[in-house]
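Each remark here refers to the structure printed beneath this line.
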Amino acid sequence: MTKFLLLLPFITIIIIAGLIYSLSRTQIHNDLFFPTTTPTPAYITSAPTLLSPQPGSTIIGPLVIKGYIPKSWTFEGQFRVKLLDDKKQLILQDRVPVEWDNENTKDTLYFVESYNYHTTAKSGFLILENDNPSGLPENQKSMETPINFATSPSGTVYLFYANIFEDSKICDCVACQVVLPVARRLGISQTPIRDTLELLLRGEITTEEKKAGFSSEFPHPGFSVKSLNLKNGILTIEFIDLNGFSGGGSCRTGWLAAQITSTMKQFSDVKLVRYLPDSIFQP
């Protein structure tokens, strides 16, 4: 009994040490498998995710950009994009629209846009920038992606058609804004601008293109080109519209006009497109 009493302090120390060790092991297990903080979901990012073009890829024809942008990079539903050549000279710049409303709780927003551009450079950079209304340098964010440029095959033109699949990704509605290019072989032409427009208005979309979401309301009886006039970079197109095909809501009419405008602006001489009569493509 006396020996047990003498050993009691040591036994107590051993028991306490065992309990502390056991508790520490339990805490380690909990930290590993039941973390106290919620992991950040993979789709919440602090930088854009560029799906197209990929770094180092070669752009042939119009530039199509698509991906996801953090909501924090946008202001009033827009962020900025720039295309530079290999000497960091500006080729184009624009504001890219994304889905936006005050109740939008998404952390990242989908974007898709297409651009005609003209450059003799062999390489360059695509820059995505946050819309920074404050103008403060410390609030500026950007992501730079190196890309290469290649010339389209001779006789190739691009027709811009509505893409309903990509358009539906912009919002849970019909955004009426996405027009994307498809390549066509025009061949030798004395009037490439008019012939390309006529090709667009035929509305000939392949089965594979339809599967990819491309659609067209062209051709339409009574709707045709009357004349084209290119002067000082302004292309004026006069249409014949016997059945009011070009009218309707602002969503539809804007989408129709965007297909023609984008198709015409692939030609370097065309800076601006005007339509006649004034009632064409008016809601």
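Chain labels A, B, ... are given in the sequence in which chains occur in the structure tokens; within each chain residues are numbered consecutively from 1, and ligands are likewise numbered from 1 in the order shown.
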
Determine, using only C-alpha atoms, which residues of range 53-88 of chain A have any atom at most 9 Å from an atom of range 116-123 of chain A, and tabulate each with its shortest atom pair and distance in Å to one decimal place, rows ordered by chain and then rising number, as a Markdown table.
| residue | atom | partner | partner_atom | distance |
| --- | --- | --- | --- | --- |
| A:Gly56 | CA | A:Ser123 | CA | 9.0 |
| A:Thr58 | CA | A:Ser123 | CA | 8.4 |
| A:Gly61 | CA | A:Asn116 | CA | 7.7 |
| A:Pro62 | CA | A:Asn116 | CA | 4.8 |
| A:Leu63 | CA | A:Asn116 | CA | 6.4 |
| A:Leu83 | CA | A:Tyr117 | CA | 8.8 |
| A:Leu84 | CA | A:Ser123 | CA | 8.8 |
| A:Asp85 | CA | A:Ala121 | CA | 6.0 |
| A:Asp86 | CA | A:Ser123 | CA | 5.3 |
| A:Lys87 | CA | A:Ala121 | CA | 8.8 |

Dump C-alpha atoms for the selected residues as a compact mmCIF listing (two decimals), in the first residue's frame?
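Contents of selection_24.txt, as written:
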# COMPACT_ATOMS: atom_id res chain seq x y z
CA GLY A 56 0.60 29.82 -77.33
CA THR A 58 -2.39 30.13 -83.24
CA GLY A 61 -9.33 34.26 -88.86
CA PRO A 62 -11.45 36.19 -86.34
CA LEU A 63 -10.55 36.03 -82.67
CA LEU A 83 -5.23 42.58 -78.27
CA LEU A 84 -1.59 43.61 -78.69
CA ASP A 85 1.07 42.68 -81.23
CA ASP A 86 4.53 41.37 -80.36
CA LYS A 87 5.75 44.94 -79.77

What are the closest atom pairs, with distances in Å to one decimal, for each residue of range 199-267 of chain A lying within 8 Å of range 271-278 of chain A, using only C-alpha atoms, rows by chain and rising residue number, as CSV?
residue,atom,partner,partner_atom,distance
A:Gly233,CA,A:Lys271,CA,4.9
A:Ile234,CA,A:Leu272,CA,4.8
A:Leu235,CA,A:Val273,CA,4.8
A:Thr236,CA,A:Arg274,CA,4.7
A:Ile237,CA,A:Tyr275,CA,5.1
A:Glu238,CA,A:Leu276,CA,4.4
A:Phe239,CA,A:Leu276,CA,6.3
A:Thr261,CA,A:Val273,CA,6.1
A:Met264,CA,A:Val273,CA,7.6
A:Lys265,CA,A:Lys271,CA,6.5

Output the selection as a PDB file, in the first residue's frame - N, CA and C atoms for each residue.
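File produced: again_20.pdb:
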ATOM      1  N   GLY A 233     -14.212  54.349 -95.585  1.00  0.00           N
ATOM      2  CA  GLY A 233     -14.333  53.365 -94.516  1.00  0.00           C
ATOM      3  C   GLY A 233     -15.752  53.062 -94.078  1.00  0.00           C
ATOM      4  N   ILE A 234     -16.741  53.766 -94.646  1.00  0.00           N
ATOM      5  CA  ILE A 234     -18.146  53.552 -94.281  1.00  0.00           C
ATOM      6  C   ILE A 234     -18.828  52.744 -95.373  1.00  0.00           C
ATOM      7  N   LEU A 235     -19.306  51.553 -94.998  1.00  0.00           N
ATOM      8  CA  LEU A 235     -20.027  50.704 -95.939  1.00  0.00           C
ATOM      9  C   LEU A 235     -21.519  50.921 -95.735  1.00  0.00           C
ATOM     10  N   THR A 236     -22.176  51.450 -96.758  1.00  0.00           N
ATOM     11  CA  THR A 236     -23.619  51.665 -96.707  1.00  0.00           C
ATOM     12  C   THR A 236     -24.304  50.574 -97.515  1.00  0.00           C
ATOM     13  N   ILE A 237     -25.183  49.848 -96.835  1.00  0.00           N
ATOM     14  CA  ILE A 237     -25.909  48.750 -97.482  1.00  0.00           C
ATOM     15  C   ILE A 237     -27.382  49.110 -97.549  1.00  0.00           C
ATOM     16  N   GLU A 238     -27.929  49.100 -98.752  1.00  0.00           N
ATOM     17  CA  GLU A 238     -29.356  49.354 -98.924  1.00  0.00           C
ATOM     18  C   GLU A 238     -30.052  48.021 -99.213  1.00  0.00           C
ATOM     19  N   PHE A 239     -31.078  47.751 -98.440  1.00  0.00           N
ATOM     20  CA  PHE A 239     -31.803  46.493 -98.574  1.00  0.00           C
ATOM     21  C   PHE A 239     -33.193  46.714 -99.178  1.00  0.00           C
ATOM     22  N   THR A 261     -23.067  43.061 -89.656  1.00  0.00           N
ATOM     23  CA  THR A 261     -21.989  43.996 -89.323  1.00  0.00           C
ATOM     24  C   THR A 261     -20.674  43.268 -89.094  1.00  0.00           C
ATOM     25  N   MET A 264     -19.196  41.920 -92.332  1.00  0.00           N
ATOM     26  CA  MET A 264     -18.634  42.957 -93.195  1.00  0.00           C
ATOM     27  C   MET A 264     -17.326  43.531 -92.655  1.00  0.00           C
ATOM     28  N   LYS A 265     -17.175  43.579 -91.339  1.00  0.00           N
ATOM     29  CA  LYS A 265     -15.987  44.196 -90.748  1.00  0.00           C
ATOM     30  C   LYS A 265     -14.746  43.316 -90.799  1.00  0.00           C
TER      31      LYS A 265
END

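Residue nearest Ala47 in chain A within the list A:Ile91, A:Val182, A:Val112, A:Leu128: A:Leu128 [criterion: smallest interatomic distance, only C-alpha atoms].
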
*asked:* If you run DSSP on the backbone here, which positions in range 95-271 of chain A get strand (DSSP E)? Please write them as a VMD selection string.
replied: chain A and resid 95 to 97 108 to 115 123 to 129 142 to 150 156 to 163 179 to 185 214 to 215 223 to 231 234 to 241

*Got a sec: who's within 8 Å of Thr263 in chain A, counting only C-alpha atoms, leaving out chain neighbours fewer than 2 positions off, as a list in words?*
Tyr158, Leu159, Phe160, Thr196, Leu197, Leu200, Gln259, Ile260, Thr261, Lys265 and Gln266 of chain A

*Top pick for closest residue to Ile60 in chain A, considering A:Ser114, A:Thr191, A:Asn148, A:Thr253 and counting only C-alpha atoms*: A:Asn148

*Write out as JSON, numbers by chain which residues come within 6 Å of range 71-78 of chain A when counting only C-alpha atoms, dropping same-chain ones fewer than 2 positions away.*
{"A": [95, 96, 97, 98, 100, 107, 108, 130, 131]}

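Closest to Pro53 in chain A among A:Thr145, A:Arg80, A:Ala257, A:Asn139 is A:Thr145, based on only C-alpha atoms.
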
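For Lys66 in chain A, the non-local neighbours within 8 Å, defined as residues at least 6 positions apart in the same chain or in other chains and counting only C-alpha atoms, are A:Leu50, A:Leu51, A:Ser52, A:Pro53, A:Tyr110, A:Phe111, A:Val112, A:Glu113.
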